[in-house]
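Novice: Below is final.csv; it holds CSV, C-alpha atoms.
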chain,number,residue,atom,x,y,z
A,1,MET,CA,0.0,0.0,0.0
A,2,GLN,CA,2.9,2.3,0.8
A,3,HIS,CA,4.2,1.9,-2.8
A,4,PHE,CA,0.7,2.6,-4.2
A,5,VAL,CA,0.4,5.8,-2.2
A,6,LEU,CA,3.9,6.9,-3.2
A,7,GLU,CA,3.3,6.1,-6.9
A,8,GLN,CA,0.0,8.0,-6.9
A,9,ALA,CA,1.6,11.0,-5.2
A,10,LEU,CA,4.5,11.2,-7.6
A,11,ASN,CA,2.3,10.8,-10.7
A,12,PHE,CA,-0.1,13.4,-9.3
A,13,LEU,CA,2.8,15.8,-9.0
A,14,ILE,CA,4.1,15.1,-12.5
A,15,GLN,CA,0.7,15.5,-14.1
A,16,ASN,CA,-0.4,18.5,-12.1
A,17,GLY,CA,2.9,20.2,-11.5
A,18,ASP,CA,3.8,20.7,-15.1
A,19,VAL,CA,6.9,18.5,-14.9
A,20,ASN,CA,8.7,17.1,-17.9
A,21,LEU,CA,9.9,13.6,-17.1
A,22,GLU,CA,11.5,12.9,-20.5
A,23,PRO,CA,15.1,13.5,-19.4
A,24,LEU,CA,14.6,10.6,-16.9
A,25,ASP,CA,13.1,8.2,-19.4
A,26,GLN,CA,14.1,4.6,-19.0
A,27,LYS,CA,16.0,5.4,-15.8
A,28,ILE,CA,15.7,3.3,-12.6
A,29,ILE,CA,16.4,5.2,-9.4
A,30,ARG,CA,16.7,3.3,-6.2
A,31,PHE,CA,15.6,5.5,-3.4
A,32,SER,CA,15.8,4.8,0.3
A,33,LEU,CA,15.1,6.8,3.4
A,34,LYS,CA,17.5,5.8,6.2
A,35,ASP,CA,15.1,6.7,9.1
A,36,LEU,CA,12.0,5.1,7.6
A,37,PRO,CA,11.5,1.6,6.3
A,38,LEU,CA,11.4,2.7,2.7
A,39,GLU,CA,13.5,1.3,-0.1
A,40,VAL,CA,12.0,1.4,-3.6
A,41,ASP,CA,12.9,1.7,-7.2
A,42,PHE,CA,11.4,4.6,-9.2
A,43,VAL,CA,11.1,3.3,-12.8
A,44,CYS,CA,10.7,6.4,-15.0
A,45,THR,CA,9.1,5.5,-18.3
A,46,ASN,CA,6.4,6.7,-20.7
A,47,ASN,CA,6.4,10.0,-18.9
A,48,ARG,CA,5.3,8.6,-15.6
A,49,ILE,CA,6.9,6.9,-12.6
A,50,PHE,CA,6.2,3.4,-11.4
A,51,VAL,CA,7.2,2.5,-7.9
A,52,VAL,CA,8.5,-1.1,-7.6
A,53,ASN,CA,10.4,-3.0,-5.0
A,54,ASP,CA,12.5,-5.7,-6.7
A,55,ILE,CA,16.0,-6.1,-5.5
A,56,ASN,CA,16.9,-7.9,-8.8
A,57,ASN,CA,16.6,-4.6,-10.7
A,58,VAL,CA,19.8,-3.0,-11.8
A,59,SER,CA,19.4,0.7,-10.9
A,60,ASP,CA,21.1,3.7,-12.6
A,61,VAL,CA,21.6,5.4,-9.3
A,62,ASP,CA,21.1,4.6,-5.6
A,63,ILE,CA,20.0,7.5,-3.4
A,64,LYS,CA,20.1,7.2,0.4
A,65,LEU,CA,19.0,10.1,2.6
A,66,THR,CA,16.9,10.9,5.6
A,67,ALA,CA,13.4,12.3,5.6
A,68,ASN,CA,14.7,15.7,6.7
A,69,VAL,CA,17.1,15.9,3.8
A,70,PHE,CA,14.4,14.8,1.4
A,71,PHE,CA,12.3,17.8,2.6
A,72,ALA,CA,15.4,20.0,2.3
A,73,LEU,CA,15.7,19.0,-1.4
A,74,PHE,CA,12.1,19.9,-1.9
A,75,LYS,CA,12.8,23.3,-0.4
A,76,GLY,CA,15.4,23.9,-3.0
A,77,GLU,CA,18.6,23.0,-1.1
A,78,ASP,CA,21.6,22.4,-3.4
A,79,LEU,CA,22.3,18.7,-4.0
A,80,THR,CA,26.1,19.3,-4.2
A,81,ASP,CA,26.1,21.1,-0.8
A,82,LEU,CA,24.2,18.1,0.7
A,83,LEU,CA,26.6,15.7,-0.9
A,84,LYS,CA,29.6,17.7,0.6
A,85,GLN,CA,28.0,17.5,4.0
A,86,ASP,CA,27.5,13.7,3.7
A,87,LYS,CA,23.8,14.2,4.2
A,88,ILE,CA,23.0,12.3,1.1
A,89,ILE,CA,24.7,9.2,-0.3
A,90,ILE,CA,24.6,8.6,-4.0
A,91,HIS,CA,26.0,5.6,-5.8
A,92,GLY,CA,25.9,5.5,-9.6
A,93,ASP,CA,24.9,8.2,-12.1
A,94,VAL,CA,24.9,11.5,-10.2
A,95,LYS,CA,23.5,13.2,-13.3
A,96,THR,CA,20.3,11.1,-13.0
A,97,ALA,CA,20.1,12.0,-9.3
A,98,GLN,CA,20.4,15.7,-10.2
A,99,LEU,CA,17.7,15.3,-12.8
A,100,LEU,CA,15.4,13.8,-10.2
A,101,VAL,CA,16.1,16.6,-7.7
A,102,ASP,CA,15.5,19.2,-10.5
A,103,MET,CA,12.2,17.6,-11.2
A,104,LEU,CA,11.1,17.6,-7.6
A,105,GLN,CA,12.1,21.2,-7.2
A,106,ALA,CA,10.3,22.2,-10.4
A,107,VAL,CA,7.0,20.9,-9.0
A,108,ASP,CA,4.6,23.8,-8.9
A,109,ILE,CA,1.1,23.0,-7.9
A,110,ASP,CA,-1.7,25.4,-7.1
A,111,VAL,CA,-3.2,23.3,-4.3
A,112,GLU,CA,-6.4,25.3,-4.1
A,113,GLU,CA,-7.0,25.2,-7.9
A,114,THR,CA,-6.4,21.4,-8.1
A,115,LEU,CA,-8.5,20.6,-5.0
A,116,SER,CA,-11.4,22.9,-6.0
A,117,GLN,CA,-12.2,20.5,-8.8
A,118,TYR,CA,-13.1,17.8,-6.3
A,119,THR,CA,-14.2,19.7,-3.1
A,120,GLY,CA,-15.5,23.0,-4.4
A,121,ASP,CA,-14.0,26.5,-3.8
A,122,ILE,CA,-14.7,27.0,-0.1
A,123,VAL,CA,-13.2,23.7,1.2
A,124,ALA,CA,-10.2,24.1,-1.2
A,125,HIS,CA,-9.5,27.6,0.0
A,126,GLU,CA,-9.5,26.5,3.7
A,127,ILE,CA,-7.2,23.5,2.9
A,128,GLY,CA,-5.0,25.9,0.9
A,129,LYS,CA,-4.7,28.1,3.9
A,130,ILE,CA,-3.6,25.2,6.1
A,131,THR,CA,-1.1,24.0,3.5
A,132,GLY,CA,0.3,27.5,3.3
A,133,GLU,CA,0.8,27.5,7.1
A,134,ILE,CA,2.5,24.1,7.0
A,135,LYS,CA,4.8,25.2,4.1
A,136,LYS,CA,5.7,28.3,6.1
A,137,ILE,CA,6.6,26.3,9.2
A,138,THR,CA,8.7,23.8,7.3
A,139,GLN,CA,10.5,26.4,5.3
A,140,GLU,CA,11.5,28.5,8.3
A,141,SER,CA,13.0,25.5,10.2
A,142,SER,CA,16.1,23.5,9.5
A,143,ASN,CA,14.3,20.4,10.8
A,144,PRO,CA,10.9,20.5,9.1
A,145,LEU,CA,9.5,17.3,10.6
A,146,GLU,CA,10.3,18.4,14.2
A,147,ALA,CA,8.9,21.9,13.4
A,148,LEU,CA,5.7,20.4,12.2
A,149,LYS,CA,5.5,18.1,15.2
A,150,ASP,CA,6.0,21.1,17.6
A,151,SER,CA,3.3,23.1,15.9
A,152,VAL,CA,0.8,20.3,16.2
A,153,SER,CA,1.7,19.8,19.9
A,154,ASN,CA,1.3,23.5,20.5
A,155,PHE,CA,-2.0,23.5,18.8
A,156,LEU,CA,-3.2,20.5,20.8
A,157,ILE,CA,-2.0,22.0,24.2
A,158,ASN,CA,-3.2,25.5,23.5
A,159,PRO,CA,-5.7,25.7,20.6
A,160,SER,CA,-6.4,29.2,19.3
A,161,VAL,CA,-9.7,30.6,20.4
A,162,PRO,CA,-12.1,31.3,17.6
A,163,LYS,CA,-13.0,34.9,16.9
A,164,THR,CA,-16.2,36.0,18.5
A,165,TYR,CA,-18.3,39.0,17.7
A,166,LYS,CA,-18.8,41.3,20.6
A,167,ASN,CA,-22.0,43.1,21.2
A,168,ASN,CA,-21.0,46.7,21.9
A,169,LYS,CA,-24.4,47.8,22.9
A,170,HIS,CA,-24.6,46.2,26.4
B,1,MET,CA,1.3,-27.1,-26.7
B,2,ASP,CA,-0.5,-30.1,-25.1
B,3,ASN,CA,-3.6,-31.4,-26.8
B,4,THR,CA,-5.5,-31.2,-23.5
B,5,THR,CA,-6.1,-28.4,-21.1
B,6,HIS,CA,-8.3,-27.9,-18.1
B,7,PHE,CA,-11.9,-26.6,-18.0
B,8,GLY,CA,-12.5,-26.2,-14.3
B,9,PHE,CA,-11.5,-29.5,-12.8
B,10,LYS,CA,-12.1,-31.4,-16.1
B,11,ASP,CA,-9.5,-32.2,-18.7
B,12,VAL,CA,-10.7,-31.2,-22.2
B,13,ALA,CA,-9.3,-31.1,-25.7
B,14,THR,CA,-7.5,-27.7,-26.1
B,15,LYS,CA,-9.4,-26.9,-29.2
B,16,ASP,CA,-12.7,-27.3,-27.3
B,17,LYS,CA,-12.0,-25.0,-24.3
B,18,GLN,CA,-12.7,-21.8,-26.1
B,19,GLY,CA,-16.2,-22.9,-27.1
B,20,MET,CA,-17.0,-24.2,-23.6
B,21,VAL,CA,-15.9,-20.9,-22.0
B,22,ARG,CA,-18.1,-19.1,-24.6
B,23,GLY,CA,-21.0,-21.3,-23.5
B,24,VAL,CA,-20.5,-20.3,-19.9
B,25,PHE,CA,-20.5,-16.6,-20.7
B,26,ASP,CA,-23.3,-16.8,-23.2
B,27,SER,CA,-25.4,-18.2,-20.4
B,28,VAL,CA,-24.5,-15.7,-17.7
B,29,ALA,CA,-24.1,-12.5,-19.8
B,30,SER,CA,-27.5,-10.9,-18.9
B,31,LYS,CA,-27.0,-11.4,-15.2
B,32,TYR,CA,-23.3,-10.9,-15.0
B,33,ASP,CA,-23.1,-7.6,-13.1
B,34,LEU,CA,-25.9,-8.6,-10.7
B,35,MET,CA,-24.1,-11.9,-9.9
B,36,ASN,CA,-20.8,-10.1,-9.4
B,37,ASP,CA,-22.4,-7.8,-6.9
B,38,VAL,CA,-24.1,-10.7,-5.1
B,39,LEU,CA,-21.2,-13.2,-5.1
B,40,SER,CA,-18.5,-10.7,-4.0
B,41,PHE,CA,-20.8,-8.7,-1.7
B,42,GLY,CA,-19.9,-5.7,-3.9
B,43,ALA,CA,-16.2,-6.0,-3.3
B,44,HIS,CA,-15.5,-6.4,-7.1
B,45,ARG,CA,-16.2,-2.7,-7.4
B,46,LEU,CA,-13.4,-1.9,-4.9
B,47,TRP,CA,-11.0,-4.3,-6.6
B,48,LYS,CA,-11.7,-2.6,-9.9
B,49,ARG,CA,-11.4,0.9,-8.5
B,50,TYR,CA,-8.0,-0.1,-7.1
B,51,THR,CA,-7.0,-1.4,-10.5
B,52,ILE,CA,-8.0,1.8,-12.2
B,53,ALA,CA,-6.1,3.9,-9.6
B,54,SER,CA,-3.0,1.7,-10.1
B,55,SER,CA,-3.0,2.1,-13.8
B,56,ASN,CA,-1.5,5.6,-13.9
B,57,VAL,CA,-3.5,6.2,-17.0
B,58,LYS,CA,-3.7,9.8,-18.0
B,59,THR,CA,-5.3,12.1,-20.5
B,60,GLY,CA,-4.6,11.2,-24.1
B,61,ASP,CA,-3.6,7.6,-23.3
B,62,LYS,CA,-4.6,4.5,-25.3
B,63,VAL,CA,-6.1,1.7,-23.3
B,64,LEU,CA,-7.2,-1.8,-24.2
B,65,ASP,CA,-9.5,-3.6,-21.8
B,66,ILE,CA,-9.5,-7.4,-22.6
B,67,ALA,CA,-12.3,-9.6,-21.5
B,68,GLY,CA,-13.9,-6.3,-20.6
B,69,GLY,CA,-17.4,-7.8,-20.6
B,70,THR,CA,-20.0,-5.3,-19.3
B,71,GLY,CA,-17.5,-2.5,-19.4
B,72,ASP,CA,-17.1,-1.3,-15.9
B,73,LEU,CA,-13.3,-0.8,-16.3
B,74,ALA,CA,-13.7,0.8,-19.7
B,75,ILE,CA,-16.1,3.4,-18.3
B,76,GLU,CA,-13.6,4.6,-15.8
B,77,PHE,CA,-10.7,4.4,-18.3
B,78,ARG,CA,-12.8,6.5,-20.7
B,79,LYS,CA,-13.1,9.2,-18.0
B,80,LYS,CA,-9.4,9.2,-17.4
B,81,VAL,CA,-8.1,9.4,-21.0
B,82,GLY,CA,-10.7,12.0,-22.0
B,83,ASP,CA,-11.6,12.9,-25.6
B,84,SER,CA,-7.9,12.9,-26.8
B,85,GLY,CA,-7.4,9.3,-25.7
B,86,GLN,CA,-8.8,6.0,-26.8
B,87,VAL,CA,-10.4,3.1,-25.0
B,88,VAL,CA,-11.0,-0.2,-26.6
B,89,LEU,CA,-13.4,-2.6,-24.9
B,90,SER,CA,-12.9,-6.1,-26.1
B,91,ASP,CA,-14.2,-9.6,-25.3
B,92,ILE,CA,-14.1,-12.9,-27.0
B,93,ASN,CA,-17.8,-13.3,-26.3
B,94,ALA,CA,-20.3,-11.5,-28.4
B,95,ALA,CA,-23.1,-11.7,-25.8
B,96,MET,CA,-20.8,-10.1,-23.2
B,97,LEU,CA,-19.7,-7.4,-25.6
B,98,GLY,CA,-23.3,-6.7,-26.4
B,99,GLU,CA,-24.0,-6.2,-22.7
B,100,GLY,CA,-21.1,-3.9,-22.5
B,101,ARG,CA,-22.3,-1.8,-25.4
B,102,LYS,CA,-25.8,-1.6,-23.8
B,103,ASN,CA,-24.4,-0.7,-20.4
B,104,LEU,CA,-22.2,2.1,-21.8
B,105,THR,CA,-25.0,3.5,-23.9
B,106,ASN,CA,-27.4,3.5,-20.9
B,107,LYS,CA,-24.8,5.3,-18.9
B,108,GLY,CA,-24.2,7.9,-21.6
B,109,ILE,CA,-20.6,6.9,-22.2
B,110,PHE,CA,-19.6,7.3,-25.8
B,111,GLY,CA,-16.3,7.2,-27.6
B,112,VAL,CA,-15.3,3.7,-26.6
B,113,ASP,CA,-14.5,1.2,-29.4
B,114,PHE,CA,-15.8,-2.3,-29.2
B,115,VAL,CA,-13.8,-5.2,-30.6
B,116,GLN,CA,-14.6,-8.9,-30.4
B,117,LEU,CA,-11.2,-10.7,-30.1
B,118,ASN,CA,-9.3,-13.6,-28.8
B,119,ALA,CA,-6.6,-12.5,-26.2
B,120,GLN,CA,-4.1,-15.0,-27.8
B,121,TYR,CA,-4.2,-13.1,-31.2
B,122,LEU,CA,-4.6,-9.4,-30.6
B,123,PRO,CA,-5.4,-7.6,-33.9
B,124,PHE,CA,-3.3,-4.5,-33.2
B,125,GLU,CA,0.0,-3.1,-34.3
B,126,ASP,CA,3.1,-3.4,-32.1
B,127,ASN,CA,3.6,-0.7,-29.5
B,128,THR,CA,0.1,0.7,-29.7
B,129,PHE,CA,-1.3,1.0,-26.1
B,130,ASP,CA,-0.2,2.7,-22.9
B,131,CYS,CA,-2.2,0.3,-20.8
B,132,VAL,CA,-3.7,-3.1,-21.3
B,133,SER,CA,-6.0,-4.5,-18.6
B,134,ILE,CA,-7.7,-7.9,-18.1
B,135,ALA,CA,-10.0,-8.3,-15.1
B,136,PHE,CA,-11.2,-11.8,-14.2
B,137,GLY,CA,-10.5,-13.0,-17.7
B,138,LEU,CA,-7.0,-14.5,-17.9
B,139,ARG,CA,-8.0,-17.7,-16.1
B,140,ASN,CA,-10.4,-18.4,-19.0
B,141,VAL,CA,-7.7,-18.0,-21.7
B,142,THR,CA,-6.6,-21.4,-23.1
B,143,ASP,CA,-2.9,-20.4,-23.7
B,144,LYS,CA,-2.1,-17.8,-21.1
B,145,ASP,CA,1.6,-17.5,-22.1
B,146,GLN,CA,0.7,-16.7,-25.7
B,147,ALA,CA,-1.8,-14.1,-24.5
B,148,LEU,CA,0.7,-12.5,-22.2
B,149,ARG,CA,3.3,-12.3,-25.1
B,150,GLU,CA,0.6,-10.7,-27.3
B,151,MET,CA,-0.3,-8.1,-24.6
B,152,ARG,CA,3.4,-7.2,-24.3
B,153,ARG,CA,3.7,-6.9,-28.0
B,154,ILE,CA,0.9,-4.3,-28.4
B,155,LEU,CA,2.0,-2.3,-25.4
B,156,LYS,CA,4.3,0.8,-25.9
B,157,PRO,CA,7.7,0.7,-24.2
B,158,GLY,CA,6.9,1.7,-20.6
B,159,GLY,CA,3.3,0.6,-21.1
B,160,CYS,CA,1.5,-1.1,-18.2
B,161,LEU,CA,-0.3,-4.4,-18.0
B,162,LEU,CA,-2.9,-4.9,-15.3
B,163,ILE,CA,-4.1,-8.4,-14.5
B,164,LEU,CA,-6.9,-8.5,-11.9
B,165,GLU,CA,-7.7,-12.1,-11.1
B,166,PHE,CA,-8.8,-14.5,-8.4
B,167,SER,CA,-5.8,-15.9,-6.6
B,168,THR,CA,-4.6,-17.8,-3.5
B,169,THR,CA,-5.0,-16.8,0.1
B,170,ASP,CA,-2.4,-17.7,2.7
B,171,SER,CA,-4.8,-17.5,5.6
B,172,GLU,CA,-6.0,-21.0,6.6
B,173,PHE,CA,-9.2,-19.6,8.1
B,174,LEU,CA,-10.0,-17.6,4.9
B,175,LYS,CA,-9.2,-20.6,2.7
B,176,LYS,CA,-11.6,-22.9,4.5
B,177,PHE,CA,-14.4,-20.3,4.5
B,178,TYR,CA,-13.7,-19.4,0.8
B,179,ASP,CA,-13.7,-23.1,-0.2
B,180,PHE,CA,-17.0,-23.7,1.5
B,181,TYR,CA,-18.5,-20.6,0.0
B,182,SER,CA,-17.2,-21.3,-3.5
B,183,PHE,CA,-18.3,-24.9,-3.8
B,184,ASN,CA,-21.5,-24.8,-1.8
B,185,ILE,CA,-23.0,-21.3,-1.8
B,186,MET,CA,-21.8,-19.9,-5.2
B,187,PRO,CA,-23.3,-22.6,-7.4
B,188,LYS,CA,-26.6,-22.5,-5.4
B,189,LEU,CA,-26.8,-18.7,-5.8
B,190,GLY,CA,-26.0,-19.2,-9.5
B,191,GLU,CA,-28.9,-21.6,-9.7
B,192,ILE,CA,-31.3,-19.3,-7.9
B,193,ILE,CA,-30.4,-15.9,-9.5
B,194,ALA,CA,-29.1,-16.8,-13.0
B,195,ASP,CA,-30.8,-20.2,-13.3
B,196,ASP,CA,-27.3,-21.6,-14.1
B,197,LYS,CA,-25.6,-23.8,-11.5
B,198,ASP,CA,-23.0,-25.3,-13.8
B,199,SER,CA,-21.4,-22.0,-14.9
B,200,TYR,CA,-20.8,-21.0,-11.3
B,201,GLN,CA,-19.5,-24.4,-10.4
B,202,TYR,CA,-17.0,-23.8,-13.3
B,203,LEU,CA,-16.2,-20.3,-11.9
B,204,ALA,CA,-15.2,-21.9,-8.5
B,205,GLU,CA,-13.2,-24.7,-10.2
B,206,SER,CA,-11.4,-22.4,-12.7
B,207,ILE,CA,-10.3,-20.1,-9.8
B,208,ARG,CA,-8.6,-23.1,-8.2
B,209,LYS,CA,-6.8,-24.1,-11.4
B,210,HIS,CA,-5.5,-20.5,-12.0
B,211,PRO,CA,-1.8,-20.0,-11.2
B,212,ASP,CA,-1.0,-18.5,-7.8
B,213,GLN,CA,0.5,-15.0,-7.4
B,214,GLU,CA,4.2,-16.0,-7.7
B,215,THR,CA,3.6,-18.3,-10.6
B,216,LEU,CA,1.7,-15.7,-12.5
B,217,LYS,CA,4.4,-13.1,-11.8
B,218,ASP,CA,7.0,-15.5,-13.3
B,219,MET,CA,4.8,-16.0,-16.3
B,220,VAL,CA,4.5,-12.2,-16.8
B,221,LEU,CA,8.3,-11.8,-16.6
B,222,GLU,CA,8.8,-14.9,-18.9
B,223,ALA,CA,6.6,-13.2,-21.5
B,224,GLY,CA,9.2,-10.4,-21.7
B,225,PHE,CA,8.0,-7.7,-19.3
B,226,GLY,CA,10.8,-5.8,-17.5
B,227,PHE,CA,9.0,-5.6,-14.2
B,228,CYS,CA,6.2,-7.3,-12.5
B,229,GLU,CA,4.7,-6.9,-9.0
B,230,TYR,CA,1.5,-8.0,-7.5
B,231,HIS,CA,-0.7,-6.7,-4.7
B,232,ASN,CA,-3.0,-9.0,-2.8
B,233,LEU,CA,-6.6,-7.7,-2.2
B,234,SER,CA,-9.0,-9.2,0.3
B,235,GLY,CA,-6.4,-11.4,1.8
B,236,GLY,CA,-5.2,-12.8,-1.5
B,237,ILE,CA,-8.6,-13.9,-2.7
B,238,VAL,CA,-7.9,-11.5,-5.5
B,239,ALA,CA,-4.5,-10.2,-6.7
B,240,LEU,CA,-3.6,-7.4,-9.0
B,241,HIS,CA,-0.5,-8.1,-11.1
B,242,LYS,CA,1.2,-5.1,-12.7
B,243,GLY,CA,3.7,-5.6,-15.5
B,244,ILE,CA,5.7,-2.9,-17.1
B,245,LYS,CA,7.2,-3.3,-20.6
B,246,ALA,CA,10.8,-2.2,-20.4
Could you show the structure in this file as structure tokens?
Specialist:
Amino acid sequence: MQHFVLEQALNFLIQNGDVNLEPLDQKIIRFSLKDLPLEVDFVCTNNRIFVVNDINNVSDVDIKLTANVFFALFKGEDLTDLLKQDKIIIHGDVKTAQLLVDMLQAVDIDVEETLSQYTGDIVAHEIGKITGEIKKITQESSNPLEALKDSVSNFLINPSVPKTYKNNKH
Amino acid sequence: MDNTTHFGFKDVATKDKQGMVRGVFDSVASKYDLMNDVLSFGAHRLWKRYTIASSNVKTGDKVLDIAGGTGDLAIEFRKKVGDSGQVVLSDINAAMLGEGRKNLTNKGIFGVDFVQLNAQYLPFEDNTFDCVSIAFGLRNVTDKDQALREMRRILKPGGCLLILEFSTTDSEFLKKFYDFYSFNIMPKLGEIIADDKDSYQYLAESIRKHPDQETLKDMVLEAGFGFCEYHNLSGGIVALHKGIKA
């Protein structure tokens, strides 16, 4: 199920994020997150990505990183800098890895516009506002996952009081 | 190829199987959707929805649905590919294809092509389709290896094959329940609802004769696909195999 969700998410980004996958055509990228039980192959073909998990595949490049570094790549952090800091380990064709990173960074989705097709404008706008908040929190922190966790904890301990309308007449 | 093959638990002459399978589907065509809903408690709709979602089909794609019968996959594929794409709904059985045509027309779905064909000899050029699907049809094909090679041939490089089919569950409890249900309840329901006990006895038997998950995966790879993975649904009672043409 994990593969299914990942594959759906990636292809959703490709289709809705105006991403050209042609430079990665026929490439197999083995991708693993060190802090999560995730090791998969991204098979890039026919302008879409299939997520498979077959150790017999020969990959063009192996990418090992942590979830935080993955978020950092999304935020636009330079691959070379991360490589120098040993935050990301790449075996194989570095050019392919760079193409994948470029693709992830090129994703540009208007969340509200995309969602509104399914939920209507009002729900999409509210979700868009929440997404914006999450994006702001993760971009301002060097550790996006921790920042997100802290924000959720703060909210649960001390939820913001909804605005009330005061009656000035009494 | 051997001169005999199986038809349910019976051994029959290879040349006869196609006609016998046709007989089964001629008999059940008009009640096919109703029986699917009753026998699977509606779960077949979820299995098919998962298949569509797994296809990664997008606007402009060309899709062939083999053994598509009453057209429930074709309808969803048609929505995904849009007007710029193409969906071909095919079946070896004219009665089933007729039901599919009627169903799509009733639902206001147009722009789907209908082709009566044998999965072992697909009448299409090489590298034509982005996706080929076959749902609950492969176990009725006489020469499955030949059919898989044909499906690979007509897929574009990077094209995706989806095989949704009954399979084998590992759970002992589920297996016992499923065996009892298949051989005792299913034929009875077939008799009551579709007035056809034998066809639903064949359904239960043909499921047991169908290759298990790993065997089918090997067959897909043997047919020349670059990758194949499967996902068990409902505890392995059904499995979705996904092959990618390298």
Novice: What gap, in Å, lies between CA of Ser59 (chain A) and CA of Asp41 (chain A)?
Specialist: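 Atom-to-atom, CA of Ser59 (chain A) and CA of Asp41 (chain A) are spaced 7.5 Å apart.
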Novice: Write out as a PyMOL selection string every residue belonging to chain B that has an atom at most 12 Å from any atom of chain A, counting all atoms listed in the file.
Specialist: chain B and resi 50-59+61+127+129-131+155-160+226-233+240-246
Novice: For a test of reading the model, state the distance in Å between CA of Val81 (chain B) and CA of Lys62 (chain B), rounded to one decimal.
Specialist: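 Value for the CA of Val81 (chain B)-CA of Lys62 (chain B) distance: 7.4 Å.
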Novice: Excluding same-chain residues fewer than 2 positions from Val101 (chain A), what lies within 10 Å of it counting all atoms listed in the file, as a list of chain:residue names?
Specialist: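 Using all atoms listed in the file, the neighbours found are A:Phe70, A:Leu73, A:Phe74, A:Gly76, A:Glu77, A:Asp78, A:Leu79, A:Lys95, A:Thr96, A:Ala97, A:Gln98, A:Leu99, A:Met103, A:Leu104, A:Gln105, A:Ala106.
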Novice: Within 12 Å of Thr215 (chain B), counting all atoms listed in the file, which residues qualify if same-chain residues fewer than 2 places away don't, as a ChimeraX atom specification?
Specialist: /B:144-145,167-168,209-213,217-222,228-230,241
Novice: To one decimal in Å, tell me the separation between CA of Ser27 (chain B) and CA of Ile92 (chain B).
Specialist: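 That distance, rounded to one decimal, is 14.1 Å.
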Novice: Taking 4 positions as the minimum chain separation for residues in the same chain, which residues sit within 10 Å of Leu65 (chain A) when counting only C-alpha atoms? Answer as a PyMOL selection string.
Specialist: chain A and resi 31-36+69-70+82+86-90
Novice: Tell me which protein, DNA and RNA residues are within 12 Å of region 6-10 of chain B, counting only C-alpha atoms, leaving out same-chain ones fewer than 6 positions away, and put them as an MDAnalysis selection string.
Specialist: chainID B and resid 16:24 139:143 198:210
Novice: Point out the residue among A:Val19, A:Ala72, A:Ala67, A:Ser116 with the least atom-to-atom distance to Gly128 (chain A), counting only C-alpha atoms.
Specialist: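 So, comparing all the options, the nearest one is A:Ser116.
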Novice: Counting only C-alpha atoms, which of A:Leu100, A:Leu38, A:Ile127, A:Leu6 gets nearest to Glu22 (chain A)?
Specialist: A:Leu100
